[in-house]
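Just structure.txt here, compact mmCIF, C-alpha atoms:
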```txt
# COMPACT_ATOMS: atom_id res chain seq x y z
CA MET A 28 0.00 0.00 0.00
CA SER A 29 1.38 3.42 -0.99
CA VAL A 30 1.94 6.30 1.43
CA ALA A 31 -0.87 8.24 -0.25
CA ALA A 32 -3.25 5.32 0.18
CA LEU A 33 -2.31 5.00 3.85
CA ARG A 34 -2.94 8.71 4.40
CA ARG A 35 -6.29 8.48 2.66
CA ALA A 36 -7.30 5.44 4.72
CA THR A 37 -6.29 7.20 7.93
CA ARG A 38 -8.20 10.34 7.00
CA GLU A 39 -11.31 8.34 6.18
CA SER A 40 -11.03 6.44 9.46
CA VAL A 41 -10.94 9.51 11.73
CA SER A 42 -13.11 12.06 9.91
CA GLY A 43 -16.72 12.89 10.65
CA LEU A 44 -16.97 11.66 14.24
CA PRO A 45 -18.52 13.86 16.96
CA ARG A 46 -16.24 15.94 19.19
CA GLU A 47 -17.68 14.20 22.27
CA PHE A 48 -16.44 10.89 20.93
CA TRP A 49 -12.87 12.20 20.68
CA TRP A 50 -12.90 13.36 24.28
CA LEU A 51 -14.12 9.95 25.36
CA TRP A 52 -11.45 8.40 23.11
CA THR A 53 -8.84 10.62 24.78
CA SER A 54 -9.96 9.51 28.24
CA THR A 55 -9.63 5.88 27.11
CA LEU A 56 -6.11 6.46 25.81
CA VAL A 57 -5.04 8.24 29.01
CA ASN A 58 -6.49 5.43 31.09
CA ARG A 59 -4.75 2.70 29.12
CA LEU A 60 -1.42 4.51 29.14
CA GLY A 61 -1.50 4.00 32.90
CA ALA A 62 -3.23 0.63 33.14
CA PHE A 63 -0.59 -1.98 33.83
CA VAL A 64 -1.05 -3.22 37.40
CA LEU A 65 -2.82 -6.43 36.37
CA THR A 66 -0.08 -7.21 33.87
CA PHE A 67 2.49 -7.41 36.67
CA LEU A 68 0.30 -8.31 39.65
CA ALA A 69 1.00 -12.06 39.47
CA LEU A 70 4.72 -11.43 39.13
CA TYR A 71 4.59 -8.88 41.97
CA LEU A 72 2.88 -11.32 44.33
CA THR A 73 5.13 -14.29 43.52
CA ALA A 74 8.56 -12.73 42.85
CA GLN A 75 8.38 -9.59 45.01
CA ARG A 76 6.20 -10.72 47.92
CA GLY A 77 7.05 -14.43 47.92
CA PHE A 78 3.51 -15.78 47.66
CA SER A 79 2.71 -18.98 45.79
CA ALA A 80 1.31 -19.15 42.29
CA ALA A 81 -1.93 -20.48 43.78
CA TYR A 82 -2.27 -17.40 46.02
CA ALA A 83 -1.55 -15.10 43.07
CA GLY A 84 -4.28 -16.93 41.18
CA LEU A 85 -6.64 -16.49 44.14
CA VAL A 86 -6.11 -12.72 44.19
CA ALA A 87 -6.64 -12.49 40.45
CA SER A 88 -9.79 -14.57 40.83
CA LEU A 89 -11.12 -12.21 43.48
CA ILE A 90 -10.53 -9.35 41.05
CA GLY A 91 -12.56 -11.38 38.59
CA LEU A 92 -15.32 -11.92 41.16
CA GLY A 93 -15.56 -8.19 41.65
CA GLY A 94 -15.69 -7.82 37.90
CA VAL A 95 -18.56 -10.30 37.56
CA ILE A 96 -20.67 -8.29 39.99
CA ALA A 97 -19.64 -4.94 38.53
CA SER A 98 -20.32 -5.90 34.92
CA VAL A 99 -24.03 -6.44 35.55
CA LEU A 100 -24.30 -3.65 38.11
CA GLY A 101 -22.51 -1.18 35.86
CA GLY A 102 -24.86 -1.95 32.96
CA VAL A 103 -27.96 -1.44 35.09
CA LEU A 104 -26.62 1.77 36.65
CA ALA A 105 -25.64 3.15 33.23
CA ASP A 106 -29.27 2.73 32.15
CA ARG A 107 -30.86 3.99 35.36
CA LEU A 108 -28.53 6.67 36.76
CA GLY A 109 -26.72 7.67 33.59
CA ARG A 110 -23.46 6.89 31.81
CA ARG A 111 -21.42 9.83 33.16
CA PRO A 112 -22.02 9.39 36.93
CA THR A 113 -21.45 5.65 36.65
CA LEU A 114 -18.21 6.19 34.74
CA LEU A 115 -16.86 8.89 37.06
CA THR A 116 -17.65 6.94 40.22
CA ALA A 117 -15.99 3.81 38.84
CA GLN A 118 -12.85 5.68 37.79
CA LEU A 119 -12.42 7.46 41.11
CA ALA A 120 -12.92 4.19 42.99
CA THR A 121 -10.39 2.46 40.72
CA ALA A 122 -7.75 5.11 41.39
CA ALA A 123 -8.29 4.79 45.14
CA THR A 124 -8.05 0.98 45.22
CA VAL A 125 -4.91 0.89 43.04
CA ALA A 126 -3.26 3.38 45.41
CA VAL A 127 -4.21 1.27 48.43
CA LEU A 128 -2.80 -1.83 46.73
CA ALA A 129 0.58 -0.10 46.58
CA PHE A 130 0.87 -0.12 50.37
CA VAL A 131 -1.11 -3.08 51.70
CA ARG A 132 1.09 -6.03 52.70
CA ASP A 133 -1.19 -8.38 54.64
CA PRO A 134 -2.40 -11.34 52.52
CA ALA A 135 -6.01 -10.82 53.54
CA GLY A 136 -5.75 -7.10 52.89
CA ILE A 137 -4.33 -7.70 49.42
CA ALA A 138 -7.17 -10.10 48.64
CA VAL A 139 -9.86 -7.65 49.79
CA THR A 140 -8.27 -4.79 47.88
CA GLY A 141 -8.07 -6.97 44.77
CA PHE A 142 -11.79 -7.69 45.00
CA ALA A 143 -12.51 -3.95 45.35
CA LEU A 144 -10.29 -3.23 42.35
CA GLY A 145 -12.20 -5.69 40.19
CA LEU A 146 -15.49 -4.20 41.36
CA ALA A 147 -14.45 -0.61 40.63
CA SER A 148 -12.60 -1.07 37.35
CA ASN A 149 -15.18 -3.24 35.61
CA ALA A 150 -18.17 -1.04 36.48
CA SER A 151 -17.01 1.53 33.93
CA ARG A 152 -17.05 -0.75 30.89
CA PRO A 153 -20.80 -0.99 30.14
CA ALA A 154 -21.08 2.78 30.69
CA ILE A 155 -18.32 3.53 28.17
CA GLN A 156 -19.80 1.18 25.59
CA ALA A 157 -23.31 2.60 26.02
CA MET A 158 -22.03 6.19 25.86
CA MET A 159 -20.23 5.56 22.58
CA ALA A 160 -23.37 4.05 21.11
CA ASP A 161 -25.31 7.11 22.30
CA ILE A 162 -23.08 9.82 20.84
CA VAL A 163 -21.97 8.23 17.55
CA PRO A 164 -24.43 7.90 14.63
CA PRO A 165 -25.27 4.27 13.75
CA LYS A 166 -23.46 4.39 10.41
CA ASP A 167 -20.19 5.37 12.14
CA ARG A 168 -20.28 3.11 15.20
CA VAL A 169 -18.17 0.26 13.84
CA ARG A 170 -15.47 2.74 12.86
CA ALA A 171 -15.71 4.52 16.22
CA PHE A 172 -15.42 1.30 18.21
CA SER A 173 -12.46 0.24 16.08
CA LEU A 174 -10.71 3.52 16.85
CA ASN A 175 -11.43 3.08 20.55
CA TYR A 176 -10.07 -0.48 20.40
CA TRP A 177 -7.00 0.93 18.68
CA ALA A 178 -6.55 3.48 21.51
CA ILE A 179 -6.87 0.76 24.13
CA ASN A 180 -4.11 -1.29 22.57
CA LEU A 181 -1.88 1.68 21.77
CA GLY A 182 -1.99 2.64 25.43
CA PHE A 183 -1.42 -0.97 26.48
CA ALA A 184 1.58 -1.34 24.16
CA VAL A 185 3.22 1.83 25.46
CA SER A 186 2.44 1.19 29.12
CA SER A 187 3.68 -2.41 29.00
CA VAL A 188 7.12 -1.25 27.89
CA TYR A 189 7.72 1.61 30.29
CA ALA A 190 5.86 -0.09 33.16
CA GLY A 191 8.22 -3.07 33.04
CA PHE A 192 11.16 -0.78 33.70
CA LEU A 193 9.16 1.26 36.21
CA VAL A 194 8.17 -1.67 38.41
CA ALA A 195 11.71 -3.03 38.15
CA GLN A 196 12.66 0.03 40.21
CA SER A 197 9.61 0.13 42.48
CA TYR A 198 6.28 -1.66 42.35
CA THR A 199 4.86 0.92 44.75
CA LEU A 200 5.74 3.73 42.36
CA GLY A 201 4.20 1.80 39.49
CA PHE A 202 0.90 1.39 41.34
CA LEU A 203 0.82 5.10 42.21
CA VAL A 204 1.47 6.07 38.60
CA GLU A 205 -1.53 4.00 37.51
CA ALA A 206 -3.69 5.63 40.18
CA GLY A 207 -2.65 9.07 38.96
CA MET A 208 -3.37 8.24 35.31
CA THR A 209 -6.81 6.92 36.26
CA LEU A 210 -7.53 10.21 38.05
CA ALA A 211 -6.44 12.07 34.91
CA CYS A 212 -8.88 9.97 32.90
CA ALA A 213 -11.70 10.86 35.30
CA LEU A 214 -10.76 14.54 35.01
CA VAL A 215 -11.11 14.43 31.22
CA VAL A 216 -14.56 12.85 31.56
CA PHE A 217 -15.62 15.36 34.24
CA VAL A 218 -14.55 18.43 32.25
CA LYS A 219 -15.29 17.44 28.65
CA VAL A 220 -17.79 14.57 28.49
CA LYS A 221 -21.51 15.25 28.94
CA GLU A 222 -24.24 12.83 29.89
CA SER A 223 -25.48 10.95 26.82
CA ARG A 224 -28.26 8.73 28.12
CA PRO A 225 -31.34 9.08 25.87
CA GLU A 226 -34.49 10.45 27.45
CA GLN A 227 -36.73 7.68 28.71
CA THR A 228 -40.02 7.37 26.85
CA VAL A 229 -43.00 6.92 29.14
CA ARG A 230 -46.00 5.10 27.63
CA SER A 231 -49.54 5.81 28.68
CA ALA A 232 -51.58 3.07 30.30
CA GLY A 233 -52.73 0.60 27.69
CA GLU A 234 -50.44 1.98 25.01
CA ALA A 235 -48.92 -0.72 22.86
CA GLY A 236 -45.18 -1.10 22.67
CA PRO A 237 -42.32 -3.53 23.14
CA ALA A 238 -41.98 -5.16 26.52
CA PRO A 239 -39.24 -3.59 28.65
CA VAL A 240 -35.94 -5.42 28.63
CA THR A 241 -35.03 -6.86 32.02
CA MET A 242 -32.21 -9.09 33.18
CA GLY A 243 -34.62 -11.98 32.82
CA THR A 244 -35.07 -11.09 29.16
CA VAL A 245 -31.33 -11.28 28.63
CA LEU A 246 -30.87 -14.54 30.49
CA ARG A 247 -33.70 -16.21 28.56
CA ASP A 248 -32.14 -15.30 25.22
CA GLY A 249 -30.67 -18.73 24.45
CA ARG A 250 -28.54 -17.87 21.44
CA PHE A 251 -27.09 -14.81 23.12
CA MET A 252 -26.28 -16.74 26.30
CA LEU A 253 -24.54 -19.44 24.25
CA MET A 254 -22.43 -16.69 22.70
CA VAL A 255 -21.64 -15.39 26.19
CA GLY A 256 -20.54 -18.88 27.21
CA LEU A 257 -18.23 -19.18 24.21
CA SER A 258 -16.83 -15.73 24.93
CA PHE A 259 -16.12 -16.97 28.45
CA LEU A 260 -14.07 -19.89 27.12
CA VAL A 261 -12.07 -17.58 24.84
CA ALA A 262 -11.46 -15.28 27.79
CA VAL A 263 -10.32 -18.18 30.00
CA ILE A 264 -7.58 -18.87 27.49
CA PHE A 265 -6.73 -15.24 26.97
CA THR A 266 -6.48 -14.47 30.70
CA GLN A 267 -3.36 -16.65 30.86
CA SER A 268 -1.56 -13.75 29.17
CA SER A 269 -1.68 -11.89 32.49
CA VAL A 270 -1.41 -14.90 34.85
CA GLY A 271 0.18 -18.03 33.43
CA LEU A 272 2.54 -16.34 30.98
CA PRO A 273 4.27 -13.92 33.42
CA ILE A 274 4.56 -16.60 36.12
CA VAL A 275 6.12 -19.10 33.71
CA MET A 276 8.48 -16.50 32.30
CA GLY A 277 9.52 -15.51 35.84
CA GLU A 278 10.17 -19.15 36.75
CA ASN A 279 12.32 -19.46 33.63
CA GLY A 280 14.53 -16.58 34.73
CA PHE A 281 13.08 -13.69 32.75
CA SER A 282 12.79 -10.26 34.40
CA SER A 283 9.79 -7.96 34.75
CA SER A 284 11.20 -5.88 31.89
CA ASP A 285 11.24 -9.00 29.69
CA VAL A 286 7.63 -9.74 30.63
CA GLY A 287 6.67 -6.17 29.76
CA LEU A 288 8.37 -6.32 26.37
CA VAL A 289 6.66 -9.60 25.46
CA ALA A 290 3.29 -8.27 26.63
CA ALA A 291 3.78 -5.17 24.51
CA VAL A 292 3.94 -7.31 21.35
CA ASN A 293 0.21 -7.87 21.67
CA GLY A 294 -0.58 -4.17 21.59
CA VAL A 295 1.96 -3.35 18.88
CA VAL A 296 0.56 -5.98 16.50
CA ILE A 297 -3.00 -4.78 17.09
CA VAL A 298 -2.08 -1.12 16.61
CA ALA A 299 -0.27 -1.92 13.37
CA LEU A 300 -2.72 -4.36 11.80
CA GLN A 301 -6.20 -4.03 13.35
CA ILE A 302 -7.67 -1.47 10.94
CA PRO A 303 -6.59 -3.14 7.66
CA LEU A 304 -7.48 -6.57 9.05
CA THR A 305 -10.92 -5.33 10.08
CA ARG A 306 -11.58 -4.18 6.53
CA PHE A 307 -10.63 -7.67 5.35
CA ILE A 308 -12.80 -9.65 7.77
CA GLU A 309 -15.89 -7.52 7.19
CA ARG A 310 -16.36 -9.38 3.89
CA ARG A 311 -15.88 -12.88 5.33
CA ASP A 312 -18.27 -15.38 6.87
CA PRO A 313 -18.44 -14.70 10.63
CA GLY A 314 -18.87 -18.36 11.54
CA ARG A 315 -15.63 -19.33 9.86
CA LEU A 316 -13.83 -16.30 11.31
CA LEU A 317 -14.89 -17.16 14.85
CA THR A 318 -13.88 -20.80 14.37
CA VAL A 319 -10.45 -19.93 12.99
CA SER A 320 -9.83 -17.24 15.61
CA SER A 321 -10.61 -19.68 18.44
CA LEU A 322 -8.06 -22.12 17.09
CA LEU A 323 -5.44 -19.39 16.69
CA ILE A 324 -5.95 -18.25 20.27
CA GLY A 325 -5.98 -21.74 21.78
CA TYR A 326 -3.03 -23.13 19.86
CA GLY A 327 -1.14 -19.84 20.02
CA PHE A 328 -1.03 -20.17 23.81
CA ALA A 329 -0.24 -23.88 23.46
CA LEU A 330 2.92 -22.96 21.54
CA THR A 331 4.20 -21.30 24.73
CA ALA A 332 5.13 -24.78 25.94
CA PHE A 333 7.93 -24.80 23.35
CA ALA A 334 9.21 -21.25 23.97
CA GLY A 335 12.64 -20.89 25.53
CA SER A 336 13.82 -17.47 24.41
CA LEU A 337 12.42 -13.97 24.46
CA ALA A 338 11.92 -14.08 20.69
CA ALA A 339 10.05 -17.38 20.91
CA TYR A 340 7.69 -16.01 23.57
CA ALA A 341 7.09 -12.95 21.38
CA LEU A 342 6.28 -15.18 18.41
CA THR A 343 3.62 -17.07 20.37
CA VAL A 344 2.07 -13.74 21.34
CA VAL A 345 1.86 -12.81 17.65
CA VAL A 346 -0.07 -16.02 16.91
CA TRP A 347 -2.76 -15.60 19.55
CA THR A 348 -2.93 -11.86 18.92
CA LEU A 349 -3.93 -12.57 15.32
CA GLY A 350 -6.72 -14.73 16.69
CA GLU A 351 -7.80 -11.95 19.03
CA MET A 352 -7.84 -9.41 16.19
CA VAL A 353 -10.19 -11.63 14.17
CA ASN A 354 -12.35 -12.67 17.12
CA ALA A 355 -12.95 -9.27 18.73
CA PRO A 356 -14.65 -7.32 15.91
CA THR A 357 -16.45 -10.40 14.59
CA GLN A 358 -17.89 -11.27 17.97
CA SER A 359 -18.80 -7.61 18.52
CA GLY A 360 -20.90 -7.70 15.39
CA LEU A 361 -22.59 -10.87 16.63
CA VAL A 362 -23.43 -9.25 19.97
CA ALA A 363 -24.86 -6.26 18.10
CA ARG A 364 -27.10 -8.53 16.05
CA LEU A 365 -28.45 -10.43 19.05
CA ALA A 366 -28.99 -7.48 21.42
CA PRO A 367 -32.14 -5.32 21.05
CA ALA A 368 -31.37 -1.60 21.09
CA GLU A 369 -33.66 -0.91 24.06
CA GLY A 370 -31.72 -3.38 26.20
CA ARG A 371 -28.22 -2.23 25.26
CA GLY A 372 -26.98 -1.55 28.79
CA ARG A 373 -28.05 -4.86 30.27
CA TYR A 374 -26.90 -6.90 27.27
CA GLN A 375 -23.55 -5.12 27.39
CA GLY A 376 -23.27 -5.87 31.09
CA VAL A 377 -24.00 -9.57 30.67
CA TYR A 378 -21.61 -9.82 27.73
CA THR A 379 -18.86 -8.13 29.75
CA THR A 380 -19.56 -10.62 32.52
CA SER A 381 -18.14 -13.39 30.34
CA TRP A 382 -14.70 -11.78 30.56
CA SER A 383 -15.09 -10.90 34.22
CA ALA A 384 -16.11 -14.45 35.03
CA ALA A 385 -13.06 -15.71 33.19
CA ALA A 386 -10.92 -13.35 35.25
CA LEU A 387 -12.42 -15.06 38.30
CA VAL A 388 -11.99 -18.68 37.17
CA ALA A 389 -8.95 -18.68 34.90
CA PRO A 390 -6.29 -17.30 37.29
CA LEU A 391 -7.27 -19.68 40.08
CA ALA A 392 -7.34 -22.63 37.71
CA GLY A 393 -4.13 -21.55 36.01
CA GLY A 394 -2.27 -21.14 39.29
CA TRP A 395 -3.51 -24.52 40.51
CA VAL A 396 -2.46 -26.26 37.28
CA LEU A 397 0.98 -24.64 37.40
CA ASP A 398 1.53 -25.67 41.02
CA SER A 399 0.16 -29.20 40.73
CA ALA A 400 0.87 -30.33 37.17
CA GLY A 401 3.22 -27.87 35.50
CA ALA A 402 3.20 -25.43 32.61
CA GLY A 403 2.88 -28.12 29.93
CA TRP A 404 -0.59 -29.08 31.15
CA LEU A 405 -1.67 -25.43 31.28
CA TRP A 406 -0.72 -24.78 27.66
CA GLY A 407 -2.18 -28.10 26.52
CA GLY A 408 -5.45 -27.16 28.21
CA CYS A 409 -5.51 -23.93 26.20
CA ALA A 410 -5.39 -25.98 23.00
CA VAL A 411 -8.30 -28.14 24.16
CA LEU A 412 -10.43 -25.12 25.09
CA GLY A 413 -9.66 -23.48 21.76
CA THR A 414 -10.87 -26.58 19.93
CA VAL A 415 -14.07 -26.80 22.00
CA THR A 416 -14.79 -23.11 21.45
CA ALA A 417 -14.26 -23.40 17.70
CA PHE A 418 -16.86 -26.18 17.54
CA GLY A 419 -19.21 -24.15 19.74
CA TYR A 420 -19.09 -21.18 17.38
CA TRP A 421 -19.92 -23.49 14.48
CA VAL A 422 -23.01 -24.67 16.37
CA LEU A 423 -23.96 -21.11 17.34
CA MET A 424 -23.88 -19.81 13.77
CA ARG A 425 -26.08 -22.60 12.36
CA GLY A 426 -29.31 -21.07 11.12
CA LEU A 427 -28.10 -17.50 11.63
CA PRO A 428 -27.63 -15.48 8.40
CA GLY A 429 -24.02 -14.69 7.70
CA ARG A 430 -24.54 -10.97 7.19
CA LEU A 431 -27.36 -8.51 7.82
CA PRO A 432 -25.83 -5.15 6.89
CA ASP A 433 -29.08 -3.15 6.90
CA GLU A 434 -30.59 -4.54 10.08
CA PRO A 435 -31.71 -1.46 12.07
CA ALA A 436 -31.44 -3.07 15.52
CA ALA A 437 -27.86 -4.16 14.99
CA ASP A 438 -26.06 -1.55 17.04
CA PRO A 439 -22.35 -2.48 16.93
CA VAL A 440 -20.68 -2.89 20.26
CA PRO A 441 -16.99 -2.47 21.08
CA ALA A 442 -14.55 -5.32 21.05
CA THR A 443 -13.52 -6.80 24.40
CA PRO A 444 -9.84 -6.15 25.26
CA ALA A 445 -6.11 -7.84 26.73
CA VAL A 446 -6.28 -7.18 28.88
CA ALA A 447 -6.50 -5.32 28.86
CA ALA A 448 -6.55 -5.49 29.22
CA PRO A 449 -8.13 -4.37 30.65
CA ALA A 450 -9.45 -4.46 27.84
CA ALA A 451 -7.20 -6.91 26.04
CA GLU A 452 -6.08 -8.34 29.37
CA ASN A 453 -8.96 -7.44 31.70
CA ALA A 454 -7.03 -4.49 32.99
CA PRO A 455 -8.99 -1.59 34.47
CA ALA A 456 -10.75 0.30 31.71
```
Rewrite the coordinates I just gave you, this time as structure tokens.
Amino acid sequence: MSVAALRRATRESVSGLPREFWWLWTSTLVNRLGAFVLTFLALYLTAQRGFSAAYAGLVASLIGLGGVIASVLGGVLADRLGRRPTLLTAQLATAATVAVLAFVRDPAGIAVTGFALGLASNASRPAIQAMMADIVPPKDRVRAFSLNYWAINLGFAVSSVYAGFLVAQSYTLGFLVEAGMTLACALVVFVKVKESRPEQTVRSAGEAGPAPVTMGTVLRDGRFMLMVGLSFLVAVIFTQSSVGLPIVMGENGFSSSDVGLVAAVNGVVIVALQIPLTRFIERRDPGRLLTVSSLLIGYGFALTAFAGSLAAYALTVVVWTLGEMVNAPTQSGLVARLAPAEGRGRYQGVYTTSWSAAALVAPLAGGWVLDSAGAGWLWGGCAVLGTVTAFGYWVLMRGLPGRLPDEPAADPVPATPAVAAPAAENAPA
């Protein structure tokens, strides 16, 4: 592709979006530039504090438990109280809990603080997703969510590199830097982002209209809940990027800086390739894309069993990152198709729960497998889960049309991150 073509593609990707979106995009970037605690938390607990891998998995699971509760609660609050107050409260609470985590030393205190961190950080996600859907016209939402996904991973890539060197000097300083960046994110939202929740329409008694969407409505939606279950399995595999991978690398003699550099590969690949790859997959069958992406993710992590050098670890990250890049936008389109517009907040909350639940289960299971059976069994299990998920997506897509471009209720939703992280790695968003 020529330089002129790249410039034209970039200009077309960023033009025409509302100013409010760009302020929300800026807050996301600021947040992700400082979101790295979860990337190094397992290494901090095992290498710095001397706890076992099982205890590190327990703390990460408690963060996931908080996330499970917050995902549903955040979606309901975003619909009832508004996007902006939910988002601001979650961000302020996240900054406070990260700062506390920098100083708490007691095992029970660390566990409680981890639970609070998961509760605070995950409550913001449904609010952000709903706000973007509110302020961006339907025809531009896929592009807007892609740009936001790009910002998430750009911030993750940058923070993973400098954070590795930062925590090598002081984990306490690293935690405080993240708390400060989260406060800066909240400040951007407070000053520049307005409430976007649509006015509620009140029907007169006896007036016909669609039944209100409740949590029961969401849970009874069989196809959607199957998709949530498959998303959970993908997330179980992917969560090992912030639990199993750093622990194994630490046990093999790699430093926190090495872990940060390898983790940054994920964000760098996404930043470089996500937009052109998204244009490619938009014209492909979603069932096949989801099947292939599940296999790439599962077997990409399985290849970690054969890694012995920094370059080899980086190569495995490239493999499962390619799977993530295919899975995220394709699955987002599937969520959009299955979720009615009037139930966006609750559907978003339940969908986010799949990743939060994985953050609860996967670290505990991963730590237990590492302690009791070894790394080989952990990476082999990733391959098995990837295969099961690929088959599940094939079943899910049976009878569902491959593409409904003009469907009015199909409001695109953002891709789920690394962790990021929070997004990409379940990191605070």
Option closest in space to Tyr176 of chain A, from A:Ala402, A:Leu300, A:Val422, A:Leu391 [counting all atoms listed in the file]: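 Closest residue, counting all atoms listed in the file: A:Leu300.
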Neighbour residues at most 10 Å from (-25.5, -18.3, 21.4) (only C-alpha atoms) as a ChimeraX atom specification: /A:248-258,361-362,365,419-420,422-424
From A:Gly325, A:Gly207, A:Gly91, A:Gly314, residue lying nearest Ala386 of chain A [all atoms listed in the file]: A:Gly91
List the spatial neighbours of Thr209 of chain A as an mmCIF file with C-alpha atoms, keeping the file's coordinate frame - criterion: any atom at most 8 Å away, all atoms listed in the file, same-chain residues fewer than 6 positions off excluded.
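Written file, selection02.cif:
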```cif
data_model
loop_
_atom_site.group_PDB
_atom_site.id
_atom_site.type_symbol
_atom_site.label_atom_id
_atom_site.label_comp_id
_atom_site.auth_asym_id
_atom_site.auth_seq_id
_atom_site.Cartn_x
_atom_site.Cartn_y
_atom_site.Cartn_z
ATOM 1 C CA VAL A 57 -5.040 8.240 29.010
ATOM 2 C CA ASN A 58 -6.490 5.430 31.090
ATOM 3 C CA GLY A 61 -1.500 4.000 32.900
ATOM 4 C CA ALA A 62 -3.230 0.630 33.140
ATOM 5 C CA GLN A 118 -12.850 5.680 37.790
ATOM 6 C CA LEU A 119 -12.420 7.460 41.110
ATOM 7 C CA THR A 121 -10.390 2.460 40.720
ATOM 8 C CA ALA A 122 -7.750 5.110 41.390
#
```
Sphere at (9.4, -12.6, 32.3), radius 10 Å, counting only C-alpha atoms: residues as a ChimeraX atom specification: /A:67,70,191,272-290,337,340
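Each of A:Leu174, A:Ser321, A:Gly370, A:Ala123 was checked against Pro239 of chain A using only C-alpha atoms; the smallest atom-to-atom distance is that of A:Gly370.
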Proximity to Ala81 of chain A - best of A:Val64, A:Val396, A:Ala417, A:Val240, all atoms listed in the file: A:Val396
Atom CA of Leu114 of chain A to atom CA of Ala262 of chain A, distance in Å rounded to a single decimal: 23.6 Å
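Atom CA of Gly376 of chain A is positioned 4.8 Å from atom CA of Ser98 of chain A.
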Pick from A:Pro134, A:Pro153, A:Pro390, A:Pro45, whichever lies nearest to Tyr378 of chain A using only C-alpha atoms: A:Pro153
Separation of atom CA of Arg111 of chain A from atom CA of Met158 of chain A, in Å and rounded to one decimal: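 For atom CA of Arg111 of chain A relative to atom CA of Met158 of chain A, the distance reads 8.2 Å.
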Shell around Ala143 of chain A at 12 Å using only C-alpha atoms, local window under 2 positions removed, as an NGL selection string: :A and (86-97 or 117 or 120-128 or 136-141 or 145-150 or 455)
Selection export as a PDB file, in the frame of the given file, atoms kept: C-alpha atoms:
```
ATOM      1  CA  VAL A  86      -6.110 -12.720  44.190  1.00  0.00           C
ATOM      2  CA  ALA A  87      -6.640 -12.490  40.450  1.00  0.00           C
ATOM      3  CA  SER A  88      -9.790 -14.570  40.830  1.00  0.00           C
ATOM      4  CA  LEU A  89     -11.120 -12.210  43.480  1.00  0.00           C
ATOM      5  CA  ILE A  90     -10.530  -9.350  41.050  1.00  0.00           C
ATOM      6  CA  GLY A  91     -12.560 -11.380  38.590  1.00  0.00           C
ATOM      7  CA  LEU A  92     -15.320 -11.920  41.160  1.00  0.00           C
ATOM      8  CA  GLY A  93     -15.560  -8.190  41.650  1.00  0.00           C
ATOM      9  CA  GLY A  94     -15.690  -7.820  37.900  1.00  0.00           C
ATOM     10  CA  VAL A  95     -18.560 -10.300  37.560  1.00  0.00           C
ATOM     11  CA  ILE A  96     -20.670  -8.290  39.990  1.00  0.00           C
ATOM     12  CA  ALA A  97     -19.640  -4.940  38.530  1.00  0.00           C
ATOM     13  CA  ALA A 117     -15.990   3.810  38.840  1.00  0.00           C
ATOM     14  CA  ALA A 120     -12.920   4.190  42.990  1.00  0.00           C
ATOM     15  CA  THR A 121     -10.390   2.460  40.720  1.00  0.00           C
ATOM     16  CA  ALA A 122      -7.750   5.110  41.390  1.00  0.00           C
ATOM     17  CA  ALA A 123      -8.290   4.790  45.140  1.00  0.00           C
ATOM     18  CA  THR A 124      -8.050   0.980  45.220  1.00  0.00           C
ATOM     19  CA  VAL A 125      -4.910   0.890  43.040  1.00  0.00           C
ATOM     20  CA  ALA A 126      -3.260   3.380  45.410  1.00  0.00           C
ATOM     21  CA  VAL A 127      -4.210   1.270  48.430  1.00  0.00           C
ATOM     22  CA  LEU A 128      -2.800  -1.830  46.730  1.00  0.00           C
ATOM     23  CA  GLY A 136      -5.750  -7.100  52.890  1.00  0.00           C
ATOM     24  CA  ILE A 137      -4.330  -7.700  49.420  1.00  0.00           C
ATOM     25  CA  ALA A 138      -7.170 -10.100  48.640  1.00  0.00           C
ATOM     26  CA  VAL A 139      -9.860  -7.650  49.790  1.00  0.00           C
ATOM     27  CA  THR A 140      -8.270  -4.790  47.880  1.00  0.00           C
ATOM     28  CA  GLY A 141      -8.070  -6.970  44.770  1.00  0.00           C
ATOM     29  CA  GLY A 145     -12.200  -5.690  40.190  1.00  0.00           C
ATOM     30  CA  LEU A 146     -15.490  -4.200  41.360  1.00  0.00           C
ATOM     31  CA  ALA A 147     -14.450  -0.610  40.630  1.00  0.00           C
ATOM     32  CA  SER A 148     -12.600  -1.070  37.350  1.00  0.00           C
ATOM     33  CA  ASN A 149     -15.180  -3.240  35.610  1.00  0.00           C
ATOM     34  CA  ALA A 150     -18.170  -1.040  36.480  1.00  0.00           C
ATOM     35  CA  PRO A 455      -8.990  -1.590  34.470  1.00  0.00           C
TER      36      PRO A 455
END
```
Residue contacts of segment 410-416 of chain A (9 Å, all atoms listed in the file) excluding same-chain residues fewer than 2 positions away, as an NGL selection string: :A and (257-258 or 260-261 or 263-264 or 317-318 or 320-330 or 406-408 or 418-421)
Closest of A:Gly243, A:Gly84, A:Gly109, A:Gly182 to Leu56 of chain A - atom-to-atom distances counting all atoms listed in the file: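 Looking only at the distances to Leu56 of chain A, the closest residue turns out to be A:Gly182.
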Find the smallest box with edges along x, y and z containing every listed atom of segment 199-217 of chain A, then add 8 Å on each side and report centre and edge lengths in Å to one decimal, as AutoDock Vina command-line options.
```
--center_x -4.9 --center_y 8.1 --center_z 38.0 --size_x 37.4 --size_y 30.4 --size_z 29.5
```
Neighbour list for Phe217 of chain A as a list in words, cut-off 12 Å, only C-alpha atoms, skip fewer than 6 positions in-chain: Trp50, Leu51, Ser54, Arg110, Arg111, Pro112, Thr113, Leu114, Leu115, Thr116, Gln118, Leu119, Leu210 and Ala211 of chain A
